[in-house]
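Peer 1: Got a structure here, written out as structure tokens. Questions coming.
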Amino acid sequence: MFQRLVERGDVDKEHIIELSGEKARLFFLKEDSNTDPLKNVKDMLLDSYEQRTNK
């Protein structure tokens, strides 16, 4: 299931990098002592890769 990052609760909406001239934005995950942000990012990247390769 695809969910826009801007709509997620674990995304820091105050610190966003927008690439000039491009339609791209970089979001950061909120820091939370109960979660492992690097594991979450790794899982999201693997899910994205699997979705692209399984088409």
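Just so we're on the same page: first chain in the structure tokens is A, next is B, and so on; residues restart at 1 for each chain, and ligands are numbered from 1 in the order they show up.
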Can you list, as a PyMOL selection string, all residues belonging to chain A that DSSP tags as alpha helix (DSSP H)?

Peer 2: chain A and resi 37-53

Peer 1: Write a file of the selected residues as a compact mmCIF listing (two decimals), in the first residue's frame, keeping all heavy atoms.

Peer 2:
# COMPACT_ATOMS: atom_id res chain seq x y z
N PRO A 37 14.63 4.52 13.55
CA PRO A 37 14.38 5.18 12.27
C PRO A 37 15.18 4.59 11.12
O PRO A 37 14.68 4.52 10.01
CB PRO A 37 14.76 6.64 12.51
CG PRO A 37 15.38 6.72 13.84
CD PRO A 37 15.13 5.44 14.55
N LEU A 38 16.41 4.15 11.36
CA LEU A 38 17.18 3.56 10.26
C LEU A 38 16.56 2.27 9.76
O LEU A 38 16.54 1.99 8.57
CB LEU A 38 18.63 3.31 10.71
CG LEU A 38 19.47 4.57 10.91
CD1 LEU A 38 20.86 4.19 11.40
CD2 LEU A 38 19.55 5.36 9.63
N LYS A 39 16.02 1.45 10.68
CA LYS A 39 15.33 0.23 10.27
C LYS A 39 14.08 0.57 9.46
O LYS A 39 13.80 -0.06 8.46
CB LYS A 39 14.96 -0.61 11.48
CG LYS A 39 14.28 -1.92 11.09
CD LYS A 39 13.83 -2.68 12.32
CE LYS A 39 13.11 -3.95 11.99
NZ LYS A 39 12.13 -3.91 10.94
N ASN A 40 13.35 1.60 9.90
CA ASN A 40 12.14 2.01 9.18
C ASN A 40 12.48 2.47 7.76
O ASN A 40 11.79 2.12 6.80
CB ASN A 40 11.42 3.13 9.93
CG ASN A 40 10.79 2.66 11.21
OD1 ASN A 40 10.65 1.46 11.44
ND2 ASN A 40 10.43 3.59 12.06
N VAL A 41 13.54 3.26 7.62
CA VAL A 41 13.95 3.74 6.29
C VAL A 41 14.39 2.56 5.43
O VAL A 41 14.03 2.48 4.26
CB VAL A 41 15.07 4.79 6.42
CG1 VAL A 41 15.69 5.11 5.08
CG2 VAL A 41 14.54 6.05 7.07
N LYS A 42 15.16 1.66 6.01
CA LYS A 42 15.60 0.48 5.26
C LYS A 42 14.40 -0.34 4.78
O LYS A 42 14.33 -0.74 3.62
CB LYS A 42 16.50 -0.39 6.12
CG LYS A 42 17.06 -1.60 5.40
CD LYS A 42 17.94 -2.42 6.31
CE LYS A 42 17.10 -3.56 6.82
NZ LYS A 42 17.83 -4.52 7.63
N ASP A 43 13.41 -0.53 5.65
CA ASP A 43 12.21 -1.28 5.28
C ASP A 43 11.43 -0.57 4.17
O ASP A 43 10.94 -1.21 3.23
CB ASP A 43 11.32 -1.50 6.50
CG ASP A 43 11.93 -2.45 7.51
OD1 ASP A 43 12.88 -3.18 7.16
OD2 ASP A 43 11.46 -2.46 8.67
N MET A 44 11.33 0.76 4.27
CA MET A 44 10.61 1.51 3.23
C MET A 44 11.33 1.41 1.89
O MET A 44 10.69 1.25 0.85
CB MET A 44 10.46 2.98 3.63
CG MET A 44 9.42 3.21 4.69
SD MET A 44 8.99 4.95 4.98
CE MET A 44 10.56 5.70 5.33
N LEU A 45 12.67 1.49 1.90
CA LEU A 45 13.43 1.38 0.65
C LEU A 45 13.29 -0.02 0.05
O LEU A 45 13.15 -0.16 -1.17
CB LEU A 45 14.90 1.71 0.90
CG LEU A 45 15.21 3.18 1.14
CD1 LEU A 45 16.67 3.34 1.58
CD2 LEU A 45 14.93 4.01 -0.09
N LEU A 46 13.34 -1.05 0.89
CA LEU A 46 13.17 -2.41 0.39
C LEU A 46 11.78 -2.62 -0.19
O LEU A 46 11.63 -3.24 -1.24
CB LEU A 46 13.45 -3.42 1.51
CG LEU A 46 14.91 -3.60 1.88
CD1 LEU A 46 15.03 -4.48 3.12
CD2 LEU A 46 15.70 -4.19 0.73
N ASP A 47 10.76 -2.10 0.48
CA ASP A 47 9.39 -2.22 -0.04
C ASP A 47 9.25 -1.52 -1.38
O ASP A 47 8.64 -2.04 -2.32
CB ASP A 47 8.38 -1.62 0.95
CG ASP A 47 8.20 -2.48 2.18
OD1 ASP A 47 8.58 -3.67 2.14
OD2 ASP A 47 7.68 -1.96 3.19
N SER A 48 9.83 -0.33 -1.48
CA SER A 48 9.78 0.43 -2.74
C SER A 48 10.48 -0.33 -3.85
O SER A 48 9.97 -0.42 -4.97
CB SER A 48 10.41 1.80 -2.52
OG SER A 48 10.47 2.50 -3.73
N TYR A 49 11.64 -0.88 -3.55
CA TYR A 49 12.39 -1.65 -4.56
C TYR A 49 11.60 -2.88 -5.00
O TYR A 49 11.49 -3.16 -6.20
CB TYR A 49 13.74 -2.07 -3.96
CG TYR A 49 14.53 -2.97 -4.88
CD1 TYR A 49 15.17 -2.46 -5.99
CD2 TYR A 49 14.60 -4.34 -4.64
CE1 TYR A 49 15.90 -3.27 -6.83
CE2 TYR A 49 15.32 -5.18 -5.48
CZ TYR A 49 15.96 -4.63 -6.58
OH TYR A 49 16.65 -5.45 -7.44
N GLU A 50 11.01 -3.59 -4.06
CA GLU A 50 10.23 -4.78 -4.40
C GLU A 50 9.02 -4.43 -5.25
O GLU A 50 8.69 -5.15 -6.19
CB GLU A 50 9.79 -5.50 -3.13
CG GLU A 50 10.92 -6.21 -2.42
CD GLU A 50 10.49 -6.83 -1.10
OE1 GLU A 50 9.32 -6.68 -0.71
OE2 GLU A 50 11.34 -7.47 -0.46
N GLN A 51 8.37 -3.33 -4.96
CA GLN A 51 7.21 -2.91 -5.76
C GLN A 51 7.61 -2.60 -7.19
O GLN A 51 6.90 -2.92 -8.13
CB GLN A 51 6.52 -1.71 -5.12
CG GLN A 51 5.77 -2.05 -3.85
CD GLN A 51 5.15 -0.84 -3.21
OE1 GLN A 51 5.12 0.24 -3.78
NE2 GLN A 51 4.65 -1.00 -2.00
N ARG A 52 8.79 -1.95 -7.36
CA ARG A 52 9.24 -1.60 -8.71
C ARG A 52 9.67 -2.84 -9.49
O ARG A 52 9.46 -2.91 -10.69
CB ARG A 52 10.39 -0.60 -8.64
CG ARG A 52 9.97 0.79 -8.27
CD ARG A 52 11.11 1.77 -8.47
NE ARG A 52 12.37 1.29 -7.95
CZ ARG A 52 12.96 1.74 -6.86
NH1 ARG A 52 12.42 2.70 -6.17
NH2 ARG A 52 14.10 1.24 -6.46
N THR A 53 10.30 -3.79 -8.82
CA THR A 53 10.83 -4.95 -9.54
C THR A 53 9.76 -6.02 -9.79
O THR A 53 9.95 -6.86 -10.67
CB THR A 53 12.00 -5.59 -8.78
OG1 THR A 53 11.59 -5.96 -7.47
CG2 THR A 53 13.18 -4.64 -8.71

Peer 1: Have a look at atom CA of Glu14 of chain A and atom CA of Asp32 of chain A and let me know their distance in Å, one decimal.

Peer 2: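 Answer for the atom CA of Glu14 of chain A to atom CA of Asp32 of chain A separation: 15.6 Å.
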
Peer 1: Determine which residues of segment 6-53 of chain A DSSP labels as strand (DSSP E) from the backbone of this structure, then write them out as an MDAnalysis selection string.

Peer 2: chainID A and resid 11:18 25:29

Peer 1: Can those selected residues be exported to a file as an mmCIF file, in the first residue's frame so that it contains C-alpha atoms?

Peer 2:
data_model
loop_
_atom_site.group_PDB
_atom_site.id
_atom_site.type_symbol
_atom_site.label_atom_id
_atom_site.label_comp_id
_atom_site.auth_asym_id
_atom_site.auth_seq_id
_atom_site.Cartn_x
_atom_site.Cartn_y
_atom_site.Cartn_z
ATOM 1 C CA VAL A 11 7.223 12.379 9.256
ATOM 2 C CA ASP A 12 8.693 15.690 10.406
ATOM 3 C CA LYS A 13 6.677 18.249 8.440
ATOM 4 C CA GLU A 14 8.701 21.229 9.674
ATOM 5 C CA HIS A 15 12.016 20.208 8.103
ATOM 6 C CA ILE A 16 11.518 19.515 4.406
ATOM 7 C CA ILE A 17 14.101 19.975 1.667
ATOM 8 C CA GLU A 18 12.631 20.955 -1.694
ATOM 9 C CA ARG A 25 10.831 16.909 -1.639
ATOM 10 C CA LEU A 26 12.958 15.173 0.980
ATOM 11 C CA PHE A 27 11.228 14.350 4.249
ATOM 12 C CA PHE A 28 12.760 13.303 7.549
ATOM 13 C CA LEU A 29 11.317 10.903 10.077
#
